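Undergrad: Hey, dropping coords_39.cif in here, mmCIF, C-alpha atoms:
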```
data_entry
#
loop_
_atom_site.label_atom_id
_atom_site.label_comp_id
_atom_site.auth_asym_id
_atom_site.auth_seq_id
_atom_site.Cartn_x
_atom_site.Cartn_y
_atom_site.Cartn_z
CA MET A 1 0.00 0.00 0.00
CA LYS A 2 1.21 3.49 -0.85
CA LYS A 3 2.46 5.38 2.18
CA ALA A 4 0.57 8.51 3.18
CA ARG A 5 2.36 11.86 2.82
CA LEU A 6 2.36 13.75 6.10
CA ALA A 7 3.58 17.34 6.60
CA THR A 8 3.75 19.65 9.60
CA LEU A 9 4.02 23.43 9.66
CA TRP A 10 5.07 25.82 12.41
CA LEU A 11 3.53 29.31 12.19
CA ASP A 12 3.16 31.77 15.12
CA GLY A 13 3.37 29.35 18.03
CA CYS A 14 5.96 28.31 20.60
CA SER A 15 6.69 24.88 19.03
CA GLY A 16 5.03 23.28 22.05
CA CYS A 17 2.57 21.48 19.77
CA HIS A 18 5.49 19.97 17.85
CA MET A 19 7.07 19.00 21.19
CA SER A 20 3.81 17.29 22.13
CA LEU A 21 3.89 15.47 18.77
CA LEU A 22 7.38 14.22 19.67
CA ASP A 23 5.98 13.18 23.05
CA ILE A 24 4.22 10.26 21.36
CA ASP A 25 7.71 8.76 21.82
CA GLU A 26 8.32 5.36 20.19
CA ALA A 27 4.83 5.39 18.67
CA ILE A 28 6.30 7.68 16.01
CA ILE A 29 8.09 4.61 14.58
CA ALA A 30 4.71 3.01 13.81
CA VAL A 31 3.54 6.32 12.34
CA VAL A 32 6.50 6.61 9.94
CA GLN A 33 5.99 3.02 8.85
CA ARG A 34 2.59 4.11 7.54
CA ALA A 35 3.43 7.66 6.45
CA ASP A 36 6.36 9.66 5.11
CA ILE A 37 6.93 12.95 6.90
CA VAL A 38 7.65 15.07 3.82
CA TYR A 39 7.91 18.55 5.35
CA GLY A 40 8.16 20.29 8.71
CA PRO A 41 10.62 21.62 11.30
CA LEU A 42 11.61 18.01 12.00
CA VAL A 43 12.73 17.27 8.41
CA ASP A 44 15.08 18.90 5.94
CA ALA A 45 12.81 19.83 2.99
CA GLN A 46 13.02 23.52 2.06
CA GLU A 47 9.84 23.85 -0.01
CA PHE A 48 6.37 22.66 1.00
CA PRO A 49 5.77 19.78 -1.45
CA VAL A 50 2.72 19.09 -3.60
CA ASP A 51 0.36 16.16 -3.14
CA VAL A 52 0.34 16.08 0.67
CA ASP A 53 -2.31 13.87 2.30
CA VAL A 54 -2.33 15.39 5.78
CA ALA A 55 -0.90 18.78 6.81
CA ILE A 56 -0.76 19.47 10.54
CA VAL A 57 -0.37 23.14 11.36
CA GLU A 58 0.72 24.71 14.64
CA GLY A 59 0.45 28.45 15.32
CA ALA A 60 -1.60 31.48 14.41
CA VAL A 61 -1.37 33.42 11.15
CA SER A 62 0.58 36.52 12.21
CA SER A 63 2.66 37.72 9.27
CA GLN A 64 2.48 38.09 5.51
CA ASP A 65 4.81 35.10 5.30
CA ASP A 66 2.46 32.98 7.49
CA LEU A 67 -0.45 33.97 5.25
CA GLU A 68 1.35 32.94 2.04
CA LYS A 69 2.51 29.68 3.64
CA ILE A 70 -0.89 28.61 4.92
CA LYS A 71 -2.53 29.35 1.55
CA ARG A 72 0.10 27.25 -0.23
CA VAL A 73 -0.32 24.45 2.33
CA ARG A 74 -4.08 24.49 1.81
CA GLU A 75 -3.69 24.26 -1.96
CA ARG A 76 -1.28 21.36 -1.73
CA SER A 77 -2.91 19.27 1.03
CA ARG A 78 -5.99 17.06 1.09
CA ILE A 79 -6.61 17.32 4.86
CA LEU A 80 -5.58 20.34 6.91
CA VAL A 81 -5.43 19.91 10.68
CA ALA A 82 -5.27 22.94 13.01
CA LEU A 83 -3.16 21.72 15.91
CA GLY A 84 -3.37 23.61 19.20
CA ASP A 85 -5.00 26.77 20.49
CA CYS A 86 -2.86 29.27 18.52
CA ALA A 87 -4.01 27.76 15.21
CA ILE A 88 -7.61 27.60 16.44
CA THR A 89 -8.21 30.70 18.58
CA GLY A 90 -5.12 32.88 18.11
CA ASN A 91 -4.27 32.11 21.76
CA VAL A 92 -1.20 33.89 23.20
CA PRO A 93 -0.06 35.46 19.89
CA SER A 94 -3.51 37.11 19.65
CA MET A 95 -2.91 39.01 22.90
CA ARG A 96 -1.27 41.69 20.75
CA ASN A 97 -4.44 42.12 18.68
CA ARG A 98 -5.82 44.99 20.71
CA PHE A 99 -2.73 47.12 20.06
CA LEU A 100 -1.45 48.70 16.86
CA VAL A 101 1.45 46.79 15.29
CA LYS A 102 3.50 50.00 15.15
CA THR A 103 2.95 50.60 18.87
CA ILE A 104 4.13 47.09 19.75
CA LEU A 105 7.21 47.22 17.54
CA GLU A 106 8.21 50.62 18.95
CA ARG A 107 7.69 49.39 22.48
CA VAL A 108 9.95 46.37 21.91
CA TYR A 109 12.61 47.60 19.45
CA VAL A 110 12.85 51.30 20.41
CA GLU A 111 11.65 51.90 23.98
CA GLY A 112 12.70 48.44 25.15
CA ALA A 113 16.09 48.30 23.42
CA ASP A 114 19.35 49.21 25.16
CA ALA A 115 21.34 49.45 21.93
CA GLN A 116 20.68 49.64 18.17
CA LYS A 117 17.24 51.10 18.66
CA GLY A 118 15.04 50.76 15.56
CA ILE A 119 12.35 48.55 14.10
CA PRO A 120 13.97 45.76 12.02
CA THR A 121 12.90 45.63 8.37
CA ASP A 122 15.49 43.44 6.62
CA GLY A 123 14.83 39.71 6.39
CA VAL A 124 11.77 39.74 8.64
CA PRO A 125 8.22 39.37 7.32
CA THR A 126 5.67 42.15 7.74
CA LEU A 127 3.31 41.55 10.64
CA LEU A 128 -0.41 41.41 9.90
CA LYS A 129 -2.69 43.76 11.86
CA GLN A 130 -3.76 40.83 14.02
CA ALA A 131 -2.66 37.26 14.78
CA ILE A 132 -5.62 35.22 13.54
CA PRO A 133 -6.80 31.59 13.60
CA LEU A 134 -6.25 29.44 10.50
CA GLN A 135 -9.98 29.15 9.79
CA ASP A 136 -10.16 32.91 9.22
CA VAL A 137 -8.14 32.49 6.01
CA VAL A 138 -8.36 28.84 4.87
CA LYS A 139 -10.74 25.90 5.20
CA VAL A 140 -9.73 23.71 8.16
CA ASP A 141 -10.81 20.05 8.14
CA LEU A 142 -10.06 19.18 11.77
CA HIS A 143 -9.45 21.22 14.93
CA VAL A 144 -7.39 19.72 17.75
CA PRO A 145 -7.41 22.27 20.59
CA GLY A 146 -5.08 22.35 23.59
CA CYS A 147 -2.01 24.23 24.76
CA PRO A 148 -0.55 21.91 23.78
CA PRO A 149 -2.90 19.08 22.81
CA SER A 150 -1.81 15.94 24.68
CA ALA A 151 0.46 13.42 22.98
CA SER A 152 -2.27 10.79 23.31
CA ALA A 153 -4.77 13.05 21.51
CA ILE A 154 -2.23 13.70 18.72
CA LEU A 155 -1.49 9.99 18.33
CA PHE A 156 -5.22 9.21 18.23
CA VAL A 157 -5.66 11.85 15.50
CA LEU A 158 -2.72 10.52 13.47
CA ASN A 159 -3.93 6.91 13.65
CA GLU A 160 -7.49 7.82 12.74
CA LEU A 161 -6.36 9.96 9.79
CA LEU A 162 -3.99 7.24 8.57
CA ASP A 163 -6.91 4.79 8.77
CA GLY A 164 -8.80 7.13 6.45
CA ARG A 165 -11.19 8.55 9.04
CA ILE A 166 -11.74 12.10 10.32
CA PRO A 167 -11.51 11.47 14.07
CA ASP A 168 -14.32 12.27 16.46
CA LEU A 169 -12.44 13.95 19.28
CA GLY A 170 -15.45 14.08 21.61
CA THR A 171 -14.20 15.13 25.03
CA LYS A 172 -10.56 14.03 24.46
CA VAL A 173 -9.41 17.64 23.99
CA ARG A 174 -10.09 21.08 25.44
CA PHE A 175 -8.92 24.67 25.10
CA GLY A 176 -5.97 25.54 27.33
CA MET B 1 -48.80 24.79 50.96
CA SER B 2 -47.99 25.32 47.33
CA GLN B 3 -50.04 23.58 44.69
CA GLN B 4 -48.73 20.57 42.80
CA VAL B 5 -48.47 20.71 39.04
CA SER B 6 -47.84 17.92 36.54
CA VAL B 7 -45.44 18.45 33.65
CA ARG B 8 -43.73 16.27 31.09
CA ILE B 9 -39.94 16.48 30.93
CA ASP B 10 -38.63 14.64 27.85
CA GLY B 11 -41.88 12.67 27.84
CA GLU B 12 -41.65 11.60 31.47
CA LEU B 13 -44.52 12.71 33.73
CA CYS B 14 -43.10 14.72 36.66
CA THR B 15 -44.73 16.32 39.66
CA ALA B 16 -43.55 19.75 40.73
CA ALA B 17 -44.54 22.53 43.08
CA GLU B 18 -46.16 25.57 41.53
CA GLY B 19 -43.61 28.31 40.99
CA GLN B 20 -40.67 25.94 40.45
CA THR B 21 -38.66 26.60 37.31
CA ILE B 22 -38.19 24.14 34.47
CA TYR B 23 -34.51 23.96 35.45
CA GLU B 24 -35.31 22.95 39.03
CA VAL B 25 -37.87 20.34 38.02
CA ALA B 26 -35.62 18.90 35.31
CA GLN B 27 -32.70 18.67 37.73
CA ALA B 28 -34.87 17.04 40.41
CA ASN B 29 -35.81 14.43 37.83
CA GLY B 30 -32.29 13.54 36.84
CA ARG B 31 -31.79 15.80 33.81
CA SER B 32 -28.58 17.73 33.40
CA ILE B 33 -29.19 21.00 31.56
CA PRO B 34 -26.01 23.01 30.88
CA ALA B 35 -25.85 26.43 32.55
CA LEU B 36 -23.23 29.02 33.46
CA CYS B 37 -25.21 31.80 35.16
CA HIS B 38 -27.38 29.53 37.29
CA MET B 39 -26.20 28.84 40.83
CA GLU B 40 -28.02 26.94 43.50
CA GLY B 41 -29.13 29.28 46.28
CA LEU B 42 -29.20 32.41 44.11
CA SER B 43 -32.07 33.91 42.14
CA SER B 44 -32.17 33.21 38.39
CA ALA B 45 -30.91 35.68 35.81
CA GLY B 46 -31.37 33.98 32.42
CA ALA B 47 -28.11 35.59 31.35
CA CYS B 48 -26.05 32.85 29.70
CA ARG B 49 -28.70 31.29 27.42
CA LEU B 50 -27.12 27.84 27.83
CA CYS B 51 -30.17 26.31 29.53
CA LEU B 52 -32.54 26.93 26.62
CA VAL B 53 -35.25 24.27 26.30
CA GLU B 54 -38.14 23.54 23.97
CA VAL B 55 -41.68 23.90 25.32
CA ALA B 56 -44.44 22.32 23.23
CA GLY B 57 -46.71 24.90 21.63
CA ILE B 58 -44.24 27.77 22.05
CA GLY B 59 -42.44 28.76 18.89
CA ARG B 60 -39.21 29.91 20.52
CA LEU B 61 -36.70 28.45 22.95
CA LEU B 62 -37.07 29.42 26.61
CA PRO B 63 -34.42 29.62 29.34
CA ALA B 64 -35.18 26.79 31.79
CA CYS B 65 -33.82 28.75 34.77
CA THR B 66 -36.34 31.61 34.53
CA THR B 67 -39.41 29.82 33.14
CA PRO B 68 -41.86 28.53 35.76
CA VAL B 69 -43.63 25.24 35.11
CA ASN B 70 -47.36 25.12 34.35
CA THR B 71 -49.70 22.17 34.50
CA GLY B 72 -49.75 20.30 31.22
CA MET B 73 -46.45 21.79 30.04
CA SER B 74 -44.32 19.48 27.89
CA VAL B 75 -40.59 20.26 27.94
CA THR B 76 -37.75 18.87 25.82
CA THR B 77 -34.27 19.28 27.35
CA GLU B 78 -32.19 17.47 24.70
CA SER B 79 -32.48 17.74 20.91
CA GLU B 80 -30.38 18.48 17.87
CA ASN B 81 -31.90 21.95 17.69
CA LEU B 82 -31.07 22.66 21.36
CA ALA B 83 -27.52 21.35 20.97
CA HIS B 84 -27.10 23.66 17.97
CA HIS B 85 -28.29 26.72 19.90
CA ARG B 86 -26.35 25.89 23.07
CA VAL B 87 -23.10 25.46 21.16
CA MET B 88 -23.76 28.73 19.36
CA ALA B 89 -24.38 30.57 22.66
CA LEU B 90 -21.15 29.13 24.05
CA GLU B 91 -19.15 30.11 20.97
CA LEU B 92 -20.48 33.66 21.20
CA LEU B 93 -19.30 33.84 24.83
CA PHE B 94 -15.82 32.85 23.66
CA VAL B 95 -15.60 35.44 20.87
CA GLU B 96 -16.98 38.32 22.93
CA ARG B 97 -13.91 38.80 25.14
CA ASN B 98 -10.38 37.43 25.51
CA HIS B 99 -10.56 33.93 26.97
CA ILE B 100 -6.96 32.83 26.62
CA CYS B 101 -7.33 29.56 28.54
CA SER B 102 -3.65 28.60 28.34
CA VAL B 103 -2.49 31.58 30.41
CA CYS B 104 -5.53 31.93 32.67
CA VAL B 105 -5.28 31.45 36.42
CA SER B 106 -8.47 29.36 36.18
CA ASN B 107 -7.16 27.04 33.42
CA GLY B 108 -8.41 23.56 34.23
CA HIS B 109 -10.90 24.82 36.83
CA CYS B 110 -13.12 26.97 34.62
CA GLU B 111 -16.80 26.25 34.03
CA LEU B 112 -16.76 27.91 30.58
CA GLN B 113 -13.76 25.83 29.47
CA ALA B 114 -15.26 22.64 30.95
CA LEU B 115 -18.61 23.19 29.26
CA ALA B 116 -16.92 23.70 25.88
CA GLN B 117 -15.18 20.37 26.38
CA LYS B 118 -18.40 18.67 27.48
CA LEU B 119 -20.32 19.97 24.47
CA GLY B 120 -17.48 18.98 22.11
CA VAL B 121 -16.62 22.53 21.03
CA THR B 122 -13.18 22.20 19.40
CA HIS B 123 -13.27 25.58 17.65
CA VAL B 124 -15.37 28.69 17.30
CA ARG B 125 -16.97 29.46 13.95
CA TYR B 126 -17.28 33.21 14.44
CA PRO B 127 -14.60 35.91 14.27
CA TYR B 128 -13.08 36.88 17.62
CA ASN B 129 -13.66 40.40 18.94
CA TYR B 130 -10.28 40.82 20.68
CA PRO B 131 -11.57 43.82 22.71
CA ARG B 132 -9.24 45.96 24.77
CA LEU B 133 -10.36 45.50 28.37
CA SER B 134 -8.95 46.48 31.73
CA VAL B 135 -7.89 44.46 34.74
CA ASP B 136 -8.77 45.95 38.14
CA THR B 137 -6.08 45.07 40.67
CA SER B 138 -6.95 47.83 43.15
CA HIS B 139 -8.41 45.47 45.75
CA PRO B 140 -5.79 44.24 48.24
CA ARG B 141 -6.85 40.57 47.99
CA PHE B 142 -8.74 40.08 44.74
CA VAL B 143 -8.53 40.80 41.00
CA LEU B 144 -11.24 41.59 38.47
CA ASP B 145 -10.21 40.65 34.93
CA HIS B 146 -12.83 41.87 32.45
CA ASN B 147 -11.17 39.81 29.72
CA ARG B 148 -12.55 36.63 31.27
CA CYS B 149 -15.98 37.94 32.35
CA ILE B 150 -19.05 36.38 30.69
CA LEU B 151 -21.51 38.74 32.46
CA CYS B 152 -23.30 35.83 34.13
CA SER B 153 -24.04 38.12 37.12
CA ARG B 154 -23.49 35.42 39.75
CA CYS B 155 -21.24 37.90 41.61
CA VAL B 156 -23.94 40.59 41.46
CA ARG B 157 -26.51 38.22 42.92
CA VAL B 158 -24.32 36.58 45.57
CA CYS B 159 -23.17 39.95 46.88
CA ASP B 160 -26.72 41.31 46.97
CA GLU B 161 -28.64 38.24 48.10
CA ILE B 162 -26.21 36.42 50.39
CA GLU B 163 -23.70 38.98 51.62
CA GLY B 164 -26.19 41.88 51.53
CA ALA B 165 -23.58 44.39 50.39
CA HIS B 166 -24.61 44.86 46.73
CA VAL B 167 -21.21 46.02 45.57
CA TRP B 168 -21.55 44.69 42.00
CA ASP B 169 -23.76 45.79 39.13
CA ILE B 170 -23.68 45.46 35.38
CA ALA B 171 -23.38 48.87 33.74
CA ALA B 172 -24.22 49.89 30.15
CA ARG B 173 -25.99 47.76 27.57
CA GLY B 174 -25.26 45.09 24.97
CA ILE B 175 -21.65 44.65 23.88
CA ASN B 176 -20.65 47.57 26.15
CA SER B 177 -21.99 45.87 29.30
CA MET B 178 -19.40 45.87 32.05
CA LEU B 179 -19.23 44.65 35.62
CA VAL B 180 -18.79 47.62 37.98
CA SER B 181 -18.26 47.92 41.72
CA ASP B 182 -19.83 50.70 43.81
CA LEU B 183 -21.35 52.55 40.84
CA ASP B 184 -18.14 52.30 38.82
CA ARG B 185 -15.29 53.00 41.21
CA PRO B 186 -12.16 50.88 41.43
CA TRP B 187 -12.90 47.78 43.51
CA GLY B 188 -10.22 48.72 46.02
CA GLU B 189 -12.01 52.00 46.73
CA SER B 190 -15.39 50.38 47.30
CA GLU B 191 -16.92 51.39 50.61
CA ASN B 192 -19.49 48.61 50.51
CA CYS B 193 -17.19 45.66 49.78
CA THR B 194 -16.64 43.57 52.91
CA SER B 195 -13.84 41.58 51.22
CA CYS B 196 -15.77 38.39 51.98
CA GLY B 197 -14.74 36.84 48.64
CA LYS B 198 -18.07 35.16 47.89
CA CYS B 199 -18.14 36.76 44.43
CA VAL B 200 -14.76 35.15 43.71
CA GLN B 201 -15.99 31.71 44.78
CA ALA B 202 -19.20 32.08 42.73
CA CYS B 203 -17.51 33.30 39.53
CA PRO B 204 -17.49 30.49 36.94
CA THR B 205 -14.38 31.72 35.09
CA GLY B 206 -11.14 33.55 35.79
CA ALA B 207 -12.84 36.96 35.93
CA LEU B 208 -12.90 37.26 39.73
CA VAL B 209 -9.88 35.63 41.33
CA GLU B 210 -7.62 35.75 44.35
CA LYS B 211 -4.44 37.80 44.00
CA GLY B 212 -1.12 36.01 43.64
CA ARG B 213 -2.44 32.97 41.78
CA ALA B 214 -0.41 31.75 38.82
CA VAL B 215 -1.73 29.93 35.75
CA GLU B 216 -3.98 26.97 36.69
CA GLU B 217 -3.75 27.78 40.41
CA MET B 218 -7.16 29.35 40.99
CA THR B 219 -9.70 26.79 42.17
CA LYS B 220 -13.16 27.95 43.18
CA ARG B 221 -15.30 26.65 46.02
CA ASN B 222 -18.89 27.12 44.83
CA VAL B 223 -19.96 25.08 47.84
CA VAL B 224 -19.17 28.06 50.11
CA VAL B 225 -21.99 29.96 48.45
CA THR B 226 -24.50 27.13 48.07
CA THR B 227 -24.03 25.97 51.68
CA LEU B 228 -24.49 29.48 53.05
CA ALA B 229 -27.57 29.98 50.91
CA ALA B 230 -29.07 26.71 52.08
CA LYS B 231 -28.38 27.53 55.73
CA ARG B 232 -30.00 30.92 55.45
CA ASP B 233 -32.85 29.52 53.44
CA ALA B 234 -32.45 32.63 51.35
CA HIS B 235 -34.26 31.29 48.30
CA PRO B 236 -36.10 28.09 49.19
#
```
Please lay out the structure from this file as structure tokens.
TA:
Amino acid sequence: MKKARLATLWLDGCSGCHMSLLDIDEAIIAVVQRADIVYGPLVDAQEFPVDVDVAIVEGAVSSQDDLEKIKRVRERSRILVALGDCAITGNVPSMRNRFLVKTILERVYVEGADAQKGIPTDGVPTLLKQAIPLQDVVKVDLHVPGCPPSASAILFVLNELLDGRIPDLGTKVRFG
Amino acid sequence: MSQQVSVRIDGELCTAAEGQTIYEVAQANGRSIPALCHMEGLSSAGACRLCLVEVAGIGRLLPACTTPVNTGMSVTTESENLAHHRVMALELLFVERNHICSVCVSNGHCELQALAQKLGVTHVRYPYNYPRLSVDTSHPRFVLDHNRCILCSRCVRVCDEIEGAHVWDIAARGINSMLVSDLDRPWGESENCTSCGKCVQACPTGALVEKGRAVEEMTKRNVVVTTLAAKRDAHP
């Protein structure tokens, strides 16, 4: 049987969801026997590939770069999973949403800086007005809330998806 | 002695006392209707809209906590339509303010969070408001965080009906509604507050909390309020 193509993406989050994915420990061996992990912070690929079966996305959409990435991921993936509260609610990254971007950047890079005061512009993506959930900009097929979602919930989701089902999470997960 | 009335709850014939609410009768007969503003021992407010039920012959949903039973009434407490409306009401509570569960002192001990889990809410379908709201830390022992407030008014009622101080009120209307102490003075400057903390124990979320609690550390003891209310027979 053809192996499924699995990808993960890290947008505006703390990588805690990816850490929780790694917390499935040795169960990841069984996962990679059924699926190839073709993209993500855990593998070396530079470009998000085409023909992905399942894309698992951590983090909110906070910058122009995030926005372009998530749109590309949506186009190239059959099933898109929002993993964790940042991808689903905006969570901690969204705490900046009630302030102007300019105000925040000045606070951090001018008022808060001891040396080289100035807002960086080279090599950093432009921030969007707000950090927003994935479903505000793309269609999401499955939401797995939690900060982070537990390893057991992630493993359950992976196994169900690899069996060809959209999992019914019931009360296995919660916000926070 | 109050008169007995007969009602049907989910088809089952139940006997109730006149004046009892649908919520009370349903609960006495083993039904579990979700609610966030209801609290045993306090009057009913009908604020959260989670306890909506269907009553035969009435074309709209009614809050179980404020609707008294009548003889011959037929009530449905569980249906696809009710589940749809309850989830919607819950989602709207989440988008209205900033409920960042992961960094909340009440994470893991919050009735709003727990109800979302119980009803299987894994995401919210509406855009978040992300309002800019204040946190009142002027009281020496307690904190009021408007970001987490769902305007259930349990604090208003417990302070008025049990403590007798009536420090809290809800000011303004609609989306601008805001919990205020002593006609909108900082809580720490309230002359009526006795610092009893019953509002904190009654609050279902992380809106009213004890000072000095870190994330996940704030547990509430609702039983403080319900036991006191029962002892005083405040609202039999």
Undergrad: Determine the residue set returned by the PyMOL selection byres ((chain A) within 7 of (chain B)) for the present structure, and present it as a PyMOL selection string.
TA: chain A and resi 88+91-92+97-98+143-145+147+170-171+173-176
Undergrad: Once the PyMOL selection byres ((chain A and resi 18) around 12) is applied to the coordinates I shared, what remains selected? I want it as a ChimeraX atom specification.
TA: /A:7-11,13-17,19-24,40-42,56-59,83-84,147-151,154
Undergrad: Which residues are close to Leu105 (chain A), i.e. within 10 Å by only C-alpha atoms, leaving aside same-chain residues fewer than 6 positions away? Reply as a list in words.
TA: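 That gives Glu111, Gly112, Gly118, Ile119, Pro120 and Leu127 of chain A.
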Undergrad: What would the file look like if the residues just selected were written as a compact mmCIF listing (two decimals), in the frame of the given file with C-alpha atoms?
TA:
```txt
# COMPACT_ATOMS: atom_id res chain seq x y z
CA GLU A 111 11.65 51.90 23.98
CA GLY A 112 12.70 48.44 25.15
CA GLY A 118 15.04 50.76 15.56
CA ILE A 119 12.35 48.55 14.10
CA PRO A 120 13.97 45.76 12.02
CA LEU A 127 3.31 41.55 10.64
```
Undergrad: Just to confirm, what's the straight-line distance from CA of Asn81 (chain B) to CA of Pro167 (chain A) in Å (one decimal)?
TA: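 That distance, rounded to one decimal, is 23.2 Å.
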Undergrad: If we count all atoms listed in the file, what is near Ala165 (chain B) at a cut-off of 6 Å, once residues fewer than 3 positions away on the same chain are taken out, given as a PDB file with C-alpha atoms, in the coordinates of the input?
TA:
```
ATOM      1  CA  CYS B 159     -23.170  39.950  46.880  1.00  0.00           C
ATOM      2  CA  ASP B 160     -26.720  41.310  46.970  1.00  0.00           C
ATOM      3  CA  ASN B 192     -19.490  48.610  50.510  1.00  0.00           C
TER       4      ASN B 192
END
```
Undergrad: Could you jot down the CA of Arg8 (chain B) to CA of Ile22 (chain B) separation for me, Å, one decimal place?
TA: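 Spanning CA of Arg8 (chain B) to CA of Ile22 (chain B) is a straight-line distance of 10.2 Å.
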Undergrad: What separation in Å, quoted to one decimal, exists between CA of Arg157 (chain B) and CA of Thr21 (chain B)?
TA: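 Taking CA of Arg157 (chain B) and CA of Thr21 (chain B), their separation equals 17.7 Å.
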Undergrad: Using all atoms listed in the file, find the one residue out of B:Val69, B:Cys14, B:Cys51, B:Ile170 that sits nearest to Leu151 (chain B).
TA: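 Of B:Val69, B:Cys14, B:Cys51, B:Ile170, the one nearest Leu151 (chain B) is B:Ile170, counting all atoms listed in the file.
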Undergrad: Expanded to explicit residues, what is the PyMOL selection byres ((chain B and resi 220) around 12) for this file, as number ranges by chain?
TA: B: 105-111, 197-210, 213, 216-219, 221-225
Undergrad: When distances are computed from only C-alpha atoms, which of A:Asp141, A:Lys117, A:Gly164, A:Ser94 shows the smallest separation from Arg97 (chain B)?
TA: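 Ranked by minimum distance to Arg97 (chain B), first place goes to A:Ser94.
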Undergrad: Nearest to Lys211 (chain B): which of B:Leu50, B:Met88, B:Leu61, B:Val143 is it, counting only C-alpha atoms?
TA: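 The shortest atom-to-atom distance to Lys211 (chain B) comes from B:Val143.
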